[in-house]
Amino acid sequence: MSQDVVLRAQNLSKTLKVGEVKVEALRNVSLTIERGEFVGIVGPSGSGKSTLLGLIGGLDTPTTGTIEIDGVDITRLSERKLTRIRNEKIGFIFQAFNLIPTLTALENVALPVQFAAKRQFNPHKRAKELLDMFGLGDRIHHRPTQLSGGQQQRVAIARALANNPAIIVGDEPTGNLDSESSSVVMEALRNVRDTFNTTVILVTHDPGIAEQMERLITLVDGRITDEDARTATGTHLRVQV
Amino acid sequence: MLERLAFYFRHSTNDLRVNGQRTLFALLCIAAGVAAIVSLQTLAVMIENTLTGNLQQQNRGDLHLTYYYGNQFGPDDETQQEDVADVRQRDRQIDAAARDGLLGYRNTREAESNDRWNYLFTPAGIQAIQSFLDERFPGQAELTYTWSLAGFGEQIFGNAPGATMTRLDNGDSLAQLTVFMVDGAVYPYYNTITTQDGKPLSEVLVEPTDVVITEMVAENLGVQVGDRVIIDGATTEFVVRGIVPTASEIRDPFTGVFLSLFGYYYLDIDAIDYFESVNPVADSIYIRLQDPSLNEQVAAALTEEFSYLQITTTEDLRELNEEIATNLDTLVTVMGLLSMLLGSIGIINTMQVVVRRRTLEIAVLKTIGLQGNQVTMLFLVQAFMMGVIGSLFGVLLGWGTVFVIRGVAENLLSQTLPFQIAAEPVLVGLVVGTVVTTVFGFLPTLSAGQVRPGIVLRPTETIIPRAGCLATLVSLIGTIFVLSVIARIILGGKFVIALVAVIGAFIGAGVVFVLLWVMIWLVGRLLPSFGLVDLKLSKRQMLSERSRGAITLLALVVAVFSLSTITLFADSFTNLLNSLLEDEQAYPVIVQAPFGGTAALNRSLEIIQQSEVVEKYSVSNTYENVSLVSIETTTGEQYQSINAVISRVRQIAQANNSSFVVSDISQLNSFNLNALPTNEILEGRGLNETDIATPGLVLMESDATRYDVIGLGDQITLKIKDQTITFTVVGIAALPQDTIGTNIAFNSFTLNDVVAGIPPDDAIIAVDVDATDMGTLRRELSVIPGVFIFDLRMITNLVETLLAQFRAFPTMVALLGLVVGGVVIANSVALATLERRKQIAVMKSVGLQRERVLIMLLLEYGLLGLIGGLLGVGSGLVTLVVISANIDLPLEVIPFGAAFLLMALCVAVALIAASTTAWGAASEKPLNVLRYE
């Protein structure tokens with residue numbers, strides 16, 4: 001396996017049970033993403049975007065198939081080890097920001113470091129550095145409710161970066177933001193990729209955001225139906241149908 | 001690790017602060033439980049300190065001597081031979097002391113009984129004790145004593161000298177009083193009884209006609225210092241010289257209850273001369289020692305010399321009072337722990353909602369690397385913090401509660417309980433509150449650890465996972481173990497007993513939970529909606545959350561069950577008593593002259609005949625030493641003696657292989673035709689006017705009547721005094737089932753007209769007088785010495801007052817439980833409305849007024865309250881009915897009205913508790929919720 005491959009998914013399928021009905025959310029999906037890629041996943045509602053994002057983020061396990069992150073097969077890991085992978089290798093950002101409402105921006109960002117099994121950073125120092133980096137140095141003691149949407153999402157990005165993960169996965173990270181804030185957030189994510197060579201994988205509905213991605217994966221009915229590699233970055237999208 | 005712990009605490013603090021209302025109600029649940037523990041335990045400490053403090057003062061001396069004969073029924077079969085020998089030896093000593101005049105009887109009636117049980121100390125006996133002490137412990141001991149006019153029971157039932165005090169100016173009287181005839185100059189040792197105007201007893205109890213009454217007597221009789229009163233059985237008037245606090249003579253909880261309820265007064269020791277029917281004998285001797293450390297030594301010497309003494313030393317009193325205090329402490333601690341457990345239901349509800357409301361947050365925490373056990377720990381810390389804060393709050397609330405409930409305990413013990421802050425209840429409250437909260441918060445937090453992180457991607461699918469069977473079982477076992485340890489530490493005893501009790505409590509709670517669950521389901525399904533949308537929605541809501549509804553109602557049901565059991569039992573008993581009195585009493589007032597003889601009774605009869613307040617009266621005579629002359633049966637048999645009858649009955653009984661009883665006809669009762677006995681007539685008929693010309697007799701049932709040895713129509717010739725009368729048996733009557741009433745026959749009976757002219761050995765005049773005219777009758781009869789008037793209606797009052805007194809404490813504890821139940825409901829409503837904010841907002845956005853939203857919430861919780869009431873009061877009723885079936889209690893006495901009232905109370909508690917939070921929730925602006933929720 002190439003050292004640059006950060007994520008390899010093979011023959012992923014996921015069957016969900018909705019009430020009495022079984023739904024095949026993903027059908028035999030395979031993909032490989034290399035370090036530093038800026039990838040978008042698009043598709044209509046119910047196409048399996050979020051399911052795919054959940055699987056590659058270690059939030060859920062596939063019904064069949066395997067996923068490797070940084071060379072580690074996470075498919076059959078125990079919940080405990082999977083949690084550790086999420087803490088060390090993956091950062092998450094969400095449409096609704098999902099900051100802990102009772103903690104300040106600094107505390108929110110420091111949290112993943114505090115709970116790391118093998119700590120790489122001083123939690124508060126690291127959190128302050130990251131918040132400074134995202135222009136929130138004067139907001140570190142503010143609680144989420146005291147921040148604007150754009151600011152909250154930047155705090156979320158800082159939190160996602162806290163343990164210097166290999167991948168950042170985002171679920172509609174600009175979905176709750178106005179266009180100006182969206183631009184700021186996307187700019188921040190590009191900077192993250194450029195600065196830390198972190199792979200960024202975003203699910204989006206927004207054509208404007210999709211346009212900014214360097215690679216796009218289109219999902220329909222649980223299958224990858226299209227690929228659009230932006231060769232400007234020299235990366236390649238491999239689709240195995 | 002410390003850093004993580006600090007995070008848990010910081011995070012929990014913030015969450016508790018941000019979610020103020022939810023926190024407040026959860027804290028209230030804990031606080032209510034802890035307050036119950038702290039208040040009841042503080043009360044127990046206050047009681048213990050009061051009971052075990054000032055022992056010399058309570059004992060009225062270093063030693064308190066009373067006469068003690070031991071087992072009045074003599075040695076039983078199981079008594080060891082050496083014990084029998086001891087008893088015999090003591091009997092001989094008592095007989096010798098009586099012969100020497102050291103022991104004597106109060107009156108001629110007791111003297112005639114010649115029962116060792118009734119002896120008391122004569123003046124010579126008191127002197128003998130003083131002389132012994134002077135000889136063995138020179139200059140060491142002094143003593144004082146109290147004369148006894150009547151036994152304690154006789155005084156309470158009003159049928160004794162000194163038991164009734166009557167105002168001379170208007171005839172108002174107060175019965176059931178106890179008299180303390182003391183030497184005011186020295187009594188009591190180690191204490192000074194002071195009147196309202198600050199005078200000691202020694203200044204106001206100087207002359208034999210002085211009387212000092214308590215505040216309660218003064219208030220109820222309406223007398224003041226200087227007023228003149230007459231006292232039953234005394235030949236003079238007395239002047240009220242002072243009024244003392246009601247607690248002055250209350251020294252122990254048992255007699256204290258009666259003294260404080262019915263009142264008492266002090267007379268000078270020389271006033272004994274005015275009670276002609278009473279001999280001067282003392283029931284108590286109090287000894288003061290110069291050196292109190294000789295206490296045990298003096299007691300041992302006295303016991304050796306006077307075997308009939310029962311000596312209470314201050315040490316004995318301490319042990320006794322400590323035992324009382326310990327038992328009371330155990331009782332209130334169990335009640336407190338129960339309240340805490342009820343309150344902890346609120347914690348389960350709160351933690352469930354906390355976890356449910358924060359599912360997304362938990363998922364986020366897990367996505368960023370928190371392990372399941374770390375999430376569990378986070379919530380456990382929050383439960384712990386709620387426990388600590390709630391318990392602190394509960395301690396303060398508990399102290400406040402003590403002020404409210406102190407009065408009930410003071411009434412129960414008839415003692416003043418000074419407020420004091422004790423460390424142990426506070427410590428127990430804090431530890432129990434915190435541990436129980438944490439333990440009960442554990443199970444919901446286990447679920448928190450199971451939340452899937454994937455929920456962050458689909459926040460609408462926030463279904464709380466179950467903690468898993470194994471985890472639930474382990475947690476349940478852990479909870480039971482921890483609670484058992486707590487119970488064992490606080491209550492003492494064996495761990496196994498505590499464990500069994502806790503398991504029993506859990507099983508009981510489980511059964512009640514299942515019943516409630518089923519009832520909620522049934523009501524939700526079967527109750528028609530009557531076309532009311534509000535009711536329909538309320539029922540749906542109730543059905544969808546029936547588990548929570550059931551667990552919320554647990555506390556209320558337990559409290560209402562306790563309350564209803566106490567109330568219904570007490571009311572049933574009162575009803576039973578009332579019905580018995582209504583059935584049995586022809587006329588409610590009994591006039592007797594046990595010491596005045598026939599002359600006094602005849603004089604009483606004259607006054608009663610002339611009295612304007614007497615509506616009707618009846619005389620019931622008793623003839624003793626009646627001898628059987630002959631019996632001629634309708635079948636031609638003849639019996640010349642009672643032994644002949646007995647022989648015949650024995651023959652038949654032996655043939656039937658059974659034992660037999662023949663009624664004694666050596667006593668005969670006679671009654672007026674207008675007030676015949678109410679005994680059931682088993683055969684023949686009751687007496688009527690034809691039985692005057694041809695003397696009729698109603699026989700009491702016995703094996704002689706059952707075996708037809710004697711029967712209807714038989715001629716029985718009896719010799720009564722010097723007259724011989726032949727009676728015809730006209731009826732067979734059942735033996736009386738009870739002893740209440742003025743016209744129940746215990747012996748075979750005839751009409752007064754038949755035996756007119758033969759002076760009876762004893763007589764009762766039953767008088768029909770309105771309760772308000774009792775004072776007049778007492779005043780009219782007060783001119784005859786030795787006449788006693790007893791109003792049977794007093795029994796009802798007595799029982800009702802006693803029941804009220806004794807039920808007050810458990811009722812108070814049950815009410816505390818009800819408060820806890822109310823708080824748990826308020827908490828549940830707060831949580832439910834919090835969870836339903838979106839639903840409420842949607843309803844309001846489609847046009848529902850907030851009043852309708854409020855009505856729906858109130859309907860839902862009113863229905864739940866009704867279900868709780870049905871189960872709580874219903875199980876109380878079932879218990880009562882089951883017990884009444886076993887003790888032949890008629891169903892009519894069960895107070896169904898009170899049961900309905902208790903159910904209404906249950907609904908009211910639920911509605912009030914629900915209203916405290918529902919109004920705010922109903923007022924929520926829909927846009928705020930729909931946009932930001």
# chains A, B, ... in the order shown; residues from 1 in each chain; ligands from 1
call {"tool": "interface_residues", "arguments": {"of": "chain B", "to": "chain A", "cutoff": "9 Å", "atoms": "only C-alpha atoms", "output": "VMD selection string"}}
result
chain B and resid 3 to 4 7 10 to 15 17 to 18 360 to 361 364 to 372 374 452 to 458
call {"tool": "select_by_dssp", "arguments": {"residues": "stretch 142-218 of chain A", "states": "helix (DSSP H, G or I)", "output": "number ranges by chain"}}
result
A: 144-146, 149-161, 179-196, 207-212
call {"tool": "atom_distance", "arguments": {"atom1": "atom CA of B:Ala423", "atom2": "atom CA of B:Ser562"}}
result
29.4 Å
call {"tool": "residues_around", "arguments": {"residues": "stretch 496-507 of chain B", "least_positions_apart": "4", "cutoff": "6 Å", "atoms": "only C-alpha atoms", "output": "list in words"}}
result
Ser484, Ala487 and Arg488 of chain B
call {"tool": "write_last_selection", "arguments": {"atoms": "C-alpha atoms", "output": "mmCIF file, in the first residue's frame"}}
result
data_model
loop_
_atom_site.group_PDB
_atom_site.id
_atom_site.type_symbol
_atom_site.label_atom_id
_atom_site.label_comp_id
_atom_site.auth_asym_id
_atom_site.auth_seq_id
_atom_site.Cartn_x
_atom_site.Cartn_y
_atom_site.Cartn_z
ATOM 1 C CA SER B 484 -28.125 -2.525 52.338
ATOM 2 C CA ALA B 487 -29.201 0.620 56.058
ATOM 3 C CA ARG B 488 -26.893 -1.634 58.075
#
call {"tool": "residues_around", "arguments": {"residues": "stretch 822-826 of chain B", "least_positions_apart": "5", "cutoff": "6 Å", "atoms": "only C-alpha atoms", "output": "ChimeraX atom specification"}}
result
/B:29,346,909,913-914
call {"tool": "residues_around", "arguments": {"residues": "stretch 637-642 of chain B", "least_positions_apart": "5", "cutoff": "10 Å", "atoms": "only C-alpha atoms", "output": "number ranges by chain"}}
result
B: 627-632, 647-648, 662-666, 709-710, 714-717
call {"tool": "select_by_dssp", "arguments": {"residues": "stretch 398-593 of chain B", "states": "strand (DSSP E)", "output": "list of chain:residue names"}}
result
B:Val589, B:Ile590, B:Val591, B:Gln592
call {"tool": "closest_residue", "arguments": {"among": "B:Thr359, B:Phe393, B:Val829, B:Met843", "to": "B:Gly920", "atoms": "only C-alpha atoms"}}
result
B:Val829
call {"tool": "atom_distance", "arguments": {"atom1": "atom CA of A:Pro173", "atom2": "atom CA of A:Ile224"}}
result
21.6 Å
call {"tool": "atom_distance", "arguments": {"atom1": "atom CA of B:Thr194", "atom2": "atom CA of B:Ile213"}}
result
11.4 Å
call {"tool": "residues_around", "arguments": {"residues": "stretch 35-44 of chain A", "least_positions_apart": "6", "cutoff": "6 Å", "atoms": "only C-alpha atoms", "output": "ChimeraX atom specification"}}
result
/A:4-6,193,197-204,213-220
call {"tool": "write_last_selection", "arguments": {"atoms": "all heavy atoms", "output": "short mmCIF file (atom, residue, chain, number, x, y, z; two decimals), in the first residue's frame"}}
result
data_model
loop_
_atom_site.label_atom_id
_atom_site.label_comp_id
_atom_site.auth_asym_id
_atom_site.auth_seq_id
_atom_site.Cartn_x
_atom_site.Cartn_y
_atom_site.Cartn_z
N ASP A 4 1.04 7.22 0.89
CA ASP A 4 0.16 8.39 0.80
C ASP A 4 -1.32 8.05 0.95
O ASP A 4 -2.15 8.95 1.08
CB ASP A 4 0.39 9.08 -0.54
CG ASP A 4 1.67 9.85 -0.53
OD1 ASP A 4 2.06 10.32 0.59
OD2 ASP A 4 2.30 9.95 -1.56
N VAL A 5 -1.64 6.80 0.87
CA VAL A 5 -3.05 6.41 1.01
C VAL A 5 -3.44 6.51 2.48
O VAL A 5 -2.85 5.87 3.34
CB VAL A 5 -3.29 4.98 0.50
CG1 VAL A 5 -4.73 4.55 0.80
CG2 VAL A 5 -3.03 4.88 -0.98
N VAL A 6 -4.41 7.34 2.74
CA VAL A 6 -4.84 7.53 4.13
C VAL A 6 -6.13 6.77 4.42
O VAL A 6 -6.40 6.40 5.56
CB VAL A 6 -5.00 9.03 4.43
CG1 VAL A 6 -6.23 9.63 3.78
CG2 VAL A 6 -5.01 9.31 5.92
N ARG A 193 -5.77 21.93 5.29
CA ARG A 193 -5.17 20.97 4.36
C ARG A 193 -3.76 21.42 3.96
O ARG A 193 -2.81 20.66 4.00
CB ARG A 193 -6.08 20.81 3.13
CG ARG A 193 -5.80 19.58 2.31
CD ARG A 193 -4.66 19.80 1.30
NE ARG A 193 -4.87 20.97 0.48
CZ ARG A 193 -5.52 20.92 -0.69
NH1 ARG A 193 -6.02 19.80 -1.15
NH2 ARG A 193 -5.66 22.04 -1.41
N ASN A 197 -1.38 19.21 5.81
CA ASN A 197 -1.54 18.11 4.84
C ASN A 197 -2.61 17.11 5.30
O ASN A 197 -2.48 15.91 5.14
CB ASN A 197 -0.20 17.40 4.62
CG ASN A 197 -0.21 16.58 3.32
OD1 ASN A 197 -0.94 16.91 2.38
ND2 ASN A 197 0.57 15.51 3.29
N THR A 198 -3.64 17.65 5.92
CA THR A 198 -4.72 16.81 6.42
C THR A 198 -5.73 16.55 5.30
O THR A 198 -6.05 17.46 4.54
CB THR A 198 -5.45 17.53 7.57
OG1 THR A 198 -4.50 17.97 8.50
CG2 THR A 198 -6.47 16.64 8.25
N THR A 199 -6.17 15.33 5.24
CA THR A 199 -7.20 15.00 4.26
C THR A 199 -8.54 15.54 4.75
O THR A 199 -8.87 15.38 5.92
CB THR A 199 -7.31 13.47 4.09
OG1 THR A 199 -6.04 12.98 3.76
CG2 THR A 199 -8.34 13.09 3.05
N VAL A 200 -9.26 16.22 3.84
CA VAL A 200 -10.57 16.75 4.22
C VAL A 200 -11.64 16.10 3.34
O VAL A 200 -11.52 16.11 2.13
CB VAL A 200 -10.59 18.29 4.06
CG1 VAL A 200 -11.99 18.84 4.35
CG2 VAL A 200 -9.56 18.97 4.93
N ILE A 201 -12.61 15.48 4.01
CA ILE A 201 -13.70 14.85 3.27
C ILE A 201 -15.01 15.49 3.74
O ILE A 201 -15.34 15.44 4.94
CB ILE A 201 -13.76 13.33 3.53
CG1 ILE A 201 -12.40 12.69 3.24
CG2 ILE A 201 -14.86 12.67 2.71
CD1 ILE A 201 -12.29 11.25 3.68
N LEU A 202 -15.71 16.12 2.80
CA LEU A 202 -16.94 16.82 3.19
C LEU A 202 -18.14 16.26 2.43
O LEU A 202 -18.05 15.99 1.23
CB LEU A 202 -16.85 18.32 2.87
CG LEU A 202 -15.69 19.11 3.46
CD1 LEU A 202 -15.81 20.58 3.02
CD2 LEU A 202 -15.69 19.03 4.96
N VAL A 203 -19.24 16.11 3.13
CA VAL A 203 -20.52 15.81 2.48
C VAL A 203 -21.22 17.14 2.29
O VAL A 203 -21.24 17.97 3.21
CB VAL A 203 -21.38 14.89 3.37
CG1 VAL A 203 -22.83 14.93 2.93
CG2 VAL A 203 -20.85 13.47 3.32
N THR A 204 -21.72 17.39 1.12
CA THR A 204 -22.41 18.67 0.91
C THR A 204 -23.55 18.55 -0.10
O THR A 204 -23.54 17.68 -0.97
CB THR A 204 -21.42 19.76 0.45
OG1 THR A 204 -22.11 21.00 0.33
CG2 THR A 204 -20.76 19.41 -0.88
N MET A 213 -14.46 21.88 -4.09
CA MET A 213 -13.74 20.67 -3.75
C MET A 213 -12.85 20.26 -4.92
O MET A 213 -13.19 20.46 -6.09
CB MET A 213 -14.72 19.52 -3.42
CG MET A 213 -15.73 19.83 -2.34
SD MET A 213 -15.03 20.56 -0.86
CE MET A 213 -14.08 19.17 -0.25
N GLU A 214 -11.74 19.62 -4.59
CA GLU A 214 -10.82 19.22 -5.64
C GLU A 214 -11.19 17.88 -6.24
O GLU A 214 -10.80 17.55 -7.34
CB GLU A 214 -9.40 19.19 -5.08
CG GLU A 214 -8.92 20.60 -4.76
CD GLU A 214 -7.70 20.61 -3.86
OE1 GLU A 214 -7.22 19.52 -3.48
OE2 GLU A 214 -7.24 21.71 -3.53
N ARG A 215 -11.90 17.09 -5.47
CA ARG A 215 -12.43 15.81 -6.00
C ARG A 215 -13.87 15.65 -5.53
O ARG A 215 -14.20 16.04 -4.42
CB ARG A 215 -11.61 14.63 -5.50
CG ARG A 215 -10.19 14.64 -5.98
CD ARG A 215 -9.43 13.51 -5.36
NE ARG A 215 -10.12 12.24 -5.52
CZ ARG A 215 -9.78 11.15 -4.87
NH1 ARG A 215 -8.79 11.19 -4.02
NH2 ARG A 215 -10.45 10.02 -5.05
N LEU A 216 -14.68 15.10 -6.36
CA LEU A 216 -16.07 14.89 -5.98
C LEU A 216 -16.45 13.43 -6.19
O LEU A 216 -16.08 12.82 -7.19
CB LEU A 216 -17.01 15.74 -6.85
CG LEU A 216 -17.24 17.18 -6.45
CD1 LEU A 216 -18.24 17.80 -7.43
CD2 LEU A 216 -17.79 17.29 -5.05
N ILE A 217 -17.15 12.89 -5.21
CA ILE A 217 -17.71 11.54 -5.36
C ILE A 217 -19.22 11.73 -5.37
O ILE A 217 -19.76 12.35 -4.45
CB ILE A 217 -17.31 10.64 -4.19
CG1 ILE A 217 -15.80 10.48 -4.14
CG2 ILE A 217 -17.99 9.28 -4.27
CD1 ILE A 217 -15.30 9.82 -2.89
N THR A 218 -19.86 11.20 -6.36
CA THR A 218 -21.32 11.32 -6.41
C THR A 218 -21.95 9.97 -6.09
O THR A 218 -21.58 8.96 -6.67
CB THR A 218 -21.77 11.77 -7.82
OG1 THR A 218 -21.06 12.97 -8.13
CG2 THR A 218 -23.26 12.03 -7.87
N LEU A 219 -22.83 10.01 -5.14
CA LEU A 219 -23.53 8.79 -4.73
C LEU A 219 -25.00 8.87 -5.14
O LEU A 219 -25.63 9.91 -4.97
CB LEU A 219 -23.48 8.62 -3.20
CG LEU A 219 -22.20 8.08 -2.56
CD1 LEU A 219 -22.31 8.19 -1.06
CD2 LEU A 219 -21.97 6.64 -2.97
N VAL A 220 -25.49 7.76 -5.70
CA VAL A 220 -26.93 7.65 -5.97
C VAL A 220 -27.35 6.24 -5.56
O VAL A 220 -26.72 5.27 -5.97
CB VAL A 220 -27.23 7.89 -7.47
CG1 VAL A 220 -28.73 7.67 -7.74
CG2 VAL A 220 -26.83 9.30 -7.90
#
call {"tool": "residues_around", "arguments": {"residues": "stretch 852-866 of chain B", "least_positions_apart": "5", "cutoff": "7 Å", "atoms": "only C-alpha atoms", "output": "PyMOL selection string"}}
result
chain B and resi 534-535+538-539+542+903+906-907+910-911+914+918-919+922
call {"tool": "write_last_selection", "arguments": {"atoms": "all heavy atoms", "output": "compact mmCIF listing (two decimals), in the first residue's frame"}}
result
# COMPACT_ATOMS: atom_id res chain seq x y z
N ASP B 534 -58.74 17.30 24.09
CA ASP B 534 -57.73 17.51 25.13
C ASP B 534 -57.51 16.22 25.91
O ASP B 534 -56.38 15.81 26.17
CB ASP B 534 -58.18 18.59 26.11
CG ASP B 534 -58.64 19.84 25.41
OD1 ASP B 534 -59.61 19.73 24.64
OD2 ASP B 534 -58.02 20.88 25.61
N LEU B 535 -58.63 15.56 26.27
CA LEU B 535 -58.55 14.33 27.05
C LEU B 535 -57.91 13.22 26.23
O LEU B 535 -57.09 12.44 26.72
CB LEU B 535 -59.96 13.91 27.52
CG LEU B 535 -60.03 12.70 28.44
CD1 LEU B 535 -59.21 12.92 29.70
CD2 LEU B 535 -61.47 12.40 28.82
N SER B 538 -54.26 13.84 26.12
CA SER B 538 -53.67 13.57 27.44
C SER B 538 -53.51 12.07 27.65
O SER B 538 -52.48 11.61 28.15
CB SER B 538 -54.57 14.13 28.55
OG SER B 538 -54.67 15.51 28.42
N LYS B 539 -54.54 11.32 27.26
CA LYS B 539 -54.47 9.86 27.43
C LYS B 539 -53.36 9.27 26.57
O LYS B 539 -52.60 8.41 27.01
CB LYS B 539 -55.81 9.23 27.03
CG LYS B 539 -56.90 9.41 28.08
CD LYS B 539 -58.07 8.48 27.83
CE LYS B 539 -58.55 8.50 26.43
NZ LYS B 539 -59.57 7.59 26.07
N MET B 542 -50.11 10.01 28.14
CA MET B 542 -49.94 9.18 29.33
C MET B 542 -49.55 7.76 28.93
O MET B 542 -48.66 7.16 29.52
CB MET B 542 -51.26 9.17 30.10
CG MET B 542 -51.18 8.66 31.49
SD MET B 542 -52.78 8.88 32.28
CE MET B 542 -53.70 7.54 31.54
N MET B 903 -58.46 9.97 48.11
CA MET B 903 -58.22 9.90 46.66
C MET B 903 -58.21 11.30 46.07
O MET B 903 -57.36 11.65 45.24
CB MET B 903 -59.29 9.06 45.99
CG MET B 903 -58.96 7.59 46.00
SD MET B 903 -60.11 6.69 45.01
CE MET B 903 -60.46 5.31 46.04
N CYS B 906 -55.03 12.90 46.75
CA CYS B 906 -53.99 12.39 45.85
C CYS B 906 -54.04 13.14 44.51
O CYS B 906 -53.01 13.57 43.99
CB CYS B 906 -54.24 10.90 45.64
SG CYS B 906 -52.82 10.02 45.12
N VAL B 907 -55.25 13.30 43.99
CA VAL B 907 -55.41 14.03 42.72
C VAL B 907 -54.97 15.48 42.91
O VAL B 907 -54.27 16.06 42.07
CB VAL B 907 -56.88 13.96 42.23
CG1 VAL B 907 -57.08 14.81 40.99
CG2 VAL B 907 -57.28 12.53 41.96
N ALA B 910 -51.25 15.79 42.93
CA ALA B 910 -50.73 15.65 41.56
C ALA B 910 -50.98 16.93 40.76
O ALA B 910 -50.09 17.41 40.05
CB ALA B 910 -51.39 14.46 40.88
N LEU B 911 -52.17 17.50 40.90
CA LEU B 911 -52.51 18.71 40.12
C LEU B 911 -51.68 19.91 40.58
O LEU B 911 -51.16 20.67 39.76
CB LEU B 911 -54.01 19.02 40.27
CG LEU B 911 -54.95 18.09 39.49
CD1 LEU B 911 -56.40 18.45 39.77
CD2 LEU B 911 -54.67 18.17 37.99
N ALA B 914 -48.20 19.43 39.44
CA ALA B 914 -48.10 19.65 37.98
C ALA B 914 -48.20 21.12 37.63
O ALA B 914 -47.46 21.62 36.77
CB ALA B 914 -49.18 18.84 37.28
N ALA B 918 -46.18 23.32 34.91
CA ALA B 918 -46.90 23.26 33.62
C ALA B 918 -47.21 24.65 33.07
O ALA B 918 -47.18 24.86 31.86
CB ALA B 918 -48.19 22.47 33.80
N TRP B 919 -47.47 25.60 33.95
CA TRP B 919 -47.86 26.94 33.48
C TRP B 919 -46.74 27.56 32.65
O TRP B 919 -46.97 28.09 31.58
CB TRP B 919 -48.21 27.82 34.69
CG TRP B 919 -48.65 29.19 34.28
CD1 TRP B 919 -47.96 30.36 34.43
CD2 TRP B 919 -49.87 29.54 33.62
NE1 TRP B 919 -48.66 31.40 33.93
CE2 TRP B 919 -49.85 30.94 33.41
CE3 TRP B 919 -50.97 28.80 33.18
CZ2 TRP B 919 -50.89 31.60 32.80
CZ3 TRP B 919 -52.00 29.48 32.55
CH2 TRP B 919 -51.96 30.86 32.38
N ALA B 922 -46.45 25.87 29.30
CA ALA B 922 -47.55 26.21 28.40
C ALA B 922 -47.39 27.62 27.83
O ALA B 922 -47.96 27.97 26.80
CB ALA B 922 -48.88 26.10 29.14
call {"tool": "closest_residue", "arguments": {"among": "A:Thr145, A:Asn191, A:Arg119, A:Ala158", "to": "A:Asp132", "atoms": "only C-alpha atoms"}}
result
A:Ala158
call {"tool": "closest_residue", "arguments": {"among": "A:Ala9, A:Ala110, A:Leu136, A:Leu16", "to": "A:Ser30", "atoms": "only C-alpha atoms"}}
result
A:Ala9
call {"tool": "closest_residue", "arguments": {"among": "B:Ile272, B:Leu891, B:Ile30, B:Ala363", "to": "B:Asp183", "atoms": "only C-alpha atoms"}}
result
B:Ile272
call {"tool": "decode", "arguments": {"residues": "stretch 885-905 of chain B", "atoms": "C-alpha atoms", "output": "PDB file, in the first residue's frame"}}
result
ATOM      1  CA  ALA B 885     -62.955  -9.983  57.841  1.00  0.00           C
ATOM      2  CA  ASN B 886     -60.552 -11.675  60.247  1.00  0.00           C
ATOM      3  CA  ILE B 887     -61.598  -9.695  63.304  1.00  0.00           C
ATOM      4  CA  ASP B 888     -65.312  -9.586  62.566  1.00  0.00           C
ATOM      5  CA  LEU B 889     -65.272  -5.855  61.964  1.00  0.00           C
ATOM      6  CA  PRO B 890     -68.575  -4.916  60.304  1.00  0.00           C
ATOM      7  CA  LEU B 891     -68.146  -3.430  56.850  1.00  0.00           C
ATOM      8  CA  GLU B 892     -70.390  -0.490  57.804  1.00  0.00           C
ATOM      9  CA  VAL B 893     -67.664   0.986  59.967  1.00  0.00           C
ATOM     10  CA  ILE B 894     -65.186   1.252  57.099  1.00  0.00           C
ATOM     11  CA  PRO B 895     -65.035   4.961  56.258  1.00  0.00           C
ATOM     12  CA  PHE B 896     -65.547   4.920  52.503  1.00  0.00           C
ATOM     13  CA  GLY B 897     -66.155   8.669  52.569  1.00  0.00           C
ATOM     14  CA  ALA B 898     -62.703   9.242  54.016  1.00  0.00           C
ATOM     15  CA  ALA B 899     -61.278   6.948  51.338  1.00  0.00           C
ATOM     16  CA  PHE B 900     -62.797   9.160  48.622  1.00  0.00           C
ATOM     17  CA  LEU B 901     -61.393  12.238  50.319  1.00  0.00           C
ATOM     18  CA  LEU B 902     -57.931  10.662  50.369  1.00  0.00           C
ATOM     19  CA  MET B 903     -58.218   9.895  46.664  1.00  0.00           C
ATOM     20  CA  ALA B 904     -59.207  13.502  46.074  1.00  0.00           C
ATOM     21  CA  LEU B 905     -56.157  14.548  48.086  1.00  0.00           C
TER      22      LEU B 905
END
